[in-house]
Amino acid sequence: MSLKKGDKAPEFKLFSSDKNEVSLSDYKGKNLVVLFFPLAFTSVCTAELCNIRDNYNDYEKLNTDVVGISVDSLFVLGKFKESEKYNFPLLSDFNKEVSKAFGVLYEEFPVFGMKGVSHRASFVIDKNGVIQHAEDLPSPQDMPNFDSIKNVLSSLN
């Protein structure tokens, strides 16, 4: 079961596609959108993250950073970030610990019979580390509600 609004976000430390260690505490004092996505280079994941890339100024105006998290290796995520010119960190949850902590790990992915892939899910974490928006999407084909995310962020500023 995924985390919900009002829950304290679990601390995490992951490596980014730039090979830097990134933790939740790095974002203390700012709002953070955390997007879990199943797999790099897939059509829906690419469209989701391109939406963030193309609208990143909207998030900056709301004093918000964004990170994408998947179970892909940091090397795959590096190529993905480079090919799509993403302007925010992609974090590798290769060991699946953060996806489990947030409650968004498929035991069996509904496509290709893969095991241990992140759900498509979005979380807004406020400046104090409390989840203010949680959306765990039932199908990997579904997209996050970006308008809802921005509305929550607007209410936090």
# chains A, B, ... in the order shown; residues from 1 in each chain; ligands from 1
$ select_by_dssp --residues "chain A" --states "alpha helix (DSSP H)" --output "PyMOL selection string"
chain A and resi 43-54+56-61+74-84+97-102+146-156
$ residues_around --residues "A:Ala121" --least-positions-apart "4" --cutoff "7 Å" --atoms "only C-alpha atoms" --output "PDB file with N, CA and C atoms, in the first residue's frame"
ATOM      1  N   LEU A  35       8.503  11.677  -8.723  1.00  0.00           N
ATOM      2  CA  LEU A  35       7.788  10.885  -9.728  1.00  0.00           C
ATOM      3  C   LEU A  35       8.459   9.527  -9.848  1.00  0.00           C
ATOM      4  N   PHE A  36       7.763   8.493  -9.455  1.00  0.00           N
ATOM      5  CA  PHE A  36       8.236   7.135  -9.712  1.00  0.00           C
ATOM      6  C   PHE A  36       7.730   6.749 -11.099  1.00  0.00           C
ATOM      7  N   PHE A  37       8.604   6.129 -11.882  1.00  0.00           N
ATOM      8  CA  PHE A  37       8.184   5.680 -13.210  1.00  0.00           C
ATOM      9  C   PHE A  37       8.754   4.291 -13.464  1.00  0.00           C
ATOM     10  N   GLU A 135      -0.400  10.060  -5.497  1.00  0.00           N
ATOM     11  CA  GLU A 135      -1.164   9.465  -6.596  1.00  0.00           C
ATOM     12  C   GLU A 135      -0.424   8.224  -7.067  1.00  0.00           C
ATOM     13  N   ASP A 136      -1.004   7.070  -6.785  1.00  0.00           N
ATOM     14  CA  ASP A 136      -0.448   5.788  -7.212  1.00  0.00           C
ATOM     15  C   ASP A 136      -1.353   5.288  -8.329  1.00  0.00           C
ATOM     16  N   LEU A 137      -0.848   5.314  -9.538  1.00  0.00           N
ATOM     17  CA  LEU A 137      -1.699   5.044 -10.697  1.00  0.00           C
ATOM     18  C   LEU A 137      -1.897   3.547 -10.912  1.00  0.00           C
TER      19      LEU A 137
END
$ residues_around --residues "A:Asn145" --least-positions-apart "4" --cutoff "9 Å" --atoms "only C-alpha atoms" --output "list in words"
Ser122, Glu135, Ile149 and Lys150 of chain A
$ residues_around --residues "A:Met143" --least-positions-apart "5" --cutoff "9 Å" --atoms "only C-alpha atoms" --output "number ranges by chain"
A: 44-45, 47-48, 120-121, 137
$ write_last_selection --atoms "N, CA and C atoms" --output "tab-separated table (two decimals), in the first residue's frame"
chain	number	residue	atom	x	y	z
A	44	VAL	N	5.27	5.94	-22.45
A	44	VAL	CA	4.52	6.71	-21.45
A	44	VAL	C	5.47	7.40	-20.48
A	45	CYS	N	6.53	6.69	-20.06
A	45	CYS	CA	7.51	7.30	-19.15
A	45	CYS	C	8.19	8.49	-19.81
A	47	ALA	N	6.94	10.39	-22.23
A	47	ALA	CA	5.96	11.48	-22.33
A	47	ALA	C	5.76	12.17	-20.97
A	48	GLU	N	5.70	11.37	-19.90
A	48	GLU	CA	5.52	11.93	-18.55
A	48	GLU	C	6.68	12.87	-18.19
A	120	ARG	N	3.86	3.74	-11.60
A	120	ARG	CA	3.86	5.16	-11.93
A	120	ARG	C	3.12	5.83	-10.78
A	121	ALA	N	3.81	6.69	-10.08
A	121	ALA	CA	3.23	7.33	-8.91
A	121	ALA	C	3.84	8.71	-8.74
A	137	LEU	N	-0.85	5.31	-9.54
A	137	LEU	CA	-1.70	5.04	-10.70
A	137	LEU	C	-1.90	3.55	-10.91
$ residues_around --residues "stretch 84-92 of chain A" --least-positions-apart "4" --cutoff "7 Å" --atoms "only C-alpha atoms" --output "PyMOL selection string"
chain A and resi 14-17+53+66-74+77+80
$ write_last_selection --atoms "C-alpha atoms" --output "PDB file, in the first residue's frame"
ATOM      1  CA  LEU A  14      20.007   7.320  -4.133  1.00  0.00           C
ATOM      2  CA  PHE A  15      22.518   7.942  -6.876  1.00  0.00           C
ATOM      3  CA  SER A  16      21.536  10.214  -9.734  1.00  0.00           C
ATOM      4  CA  SER A  17      22.266   9.665 -13.387  1.00  0.00           C
ATOM      5  CA  ARG A  53      10.935  19.054 -18.704  1.00  0.00           C
ATOM      6  CA  VAL A  66      11.402  17.573  -9.176  1.00  0.00           C
ATOM      7  CA  VAL A  67      13.099  14.184  -9.193  1.00  0.00           C
ATOM      8  CA  GLY A  68      12.281  11.087 -11.204  1.00  0.00           C
ATOM      9  CA  ILE A  69      12.929   7.660  -9.677  1.00  0.00           C
ATOM     10  CA  SER A  70      13.008   4.260 -11.365  1.00  0.00           C
ATOM     11  CA  VAL A  71      14.668   0.903 -10.775  1.00  0.00           C
ATOM     12  CA  ASP A  72      16.823   1.379 -13.875  1.00  0.00           C
ATOM     13  CA  SER A  73      20.580   1.610 -13.333  1.00  0.00           C
ATOM     14  CA  LEU A  74      22.110   5.071 -13.076  1.00  0.00           C
ATOM     15  CA  LEU A  77      19.109   6.785 -16.597  1.00  0.00           C
ATOM     16  CA  PHE A  80      17.788   8.524 -20.933  1.00  0.00           C
TER      17      PHE A  80
END
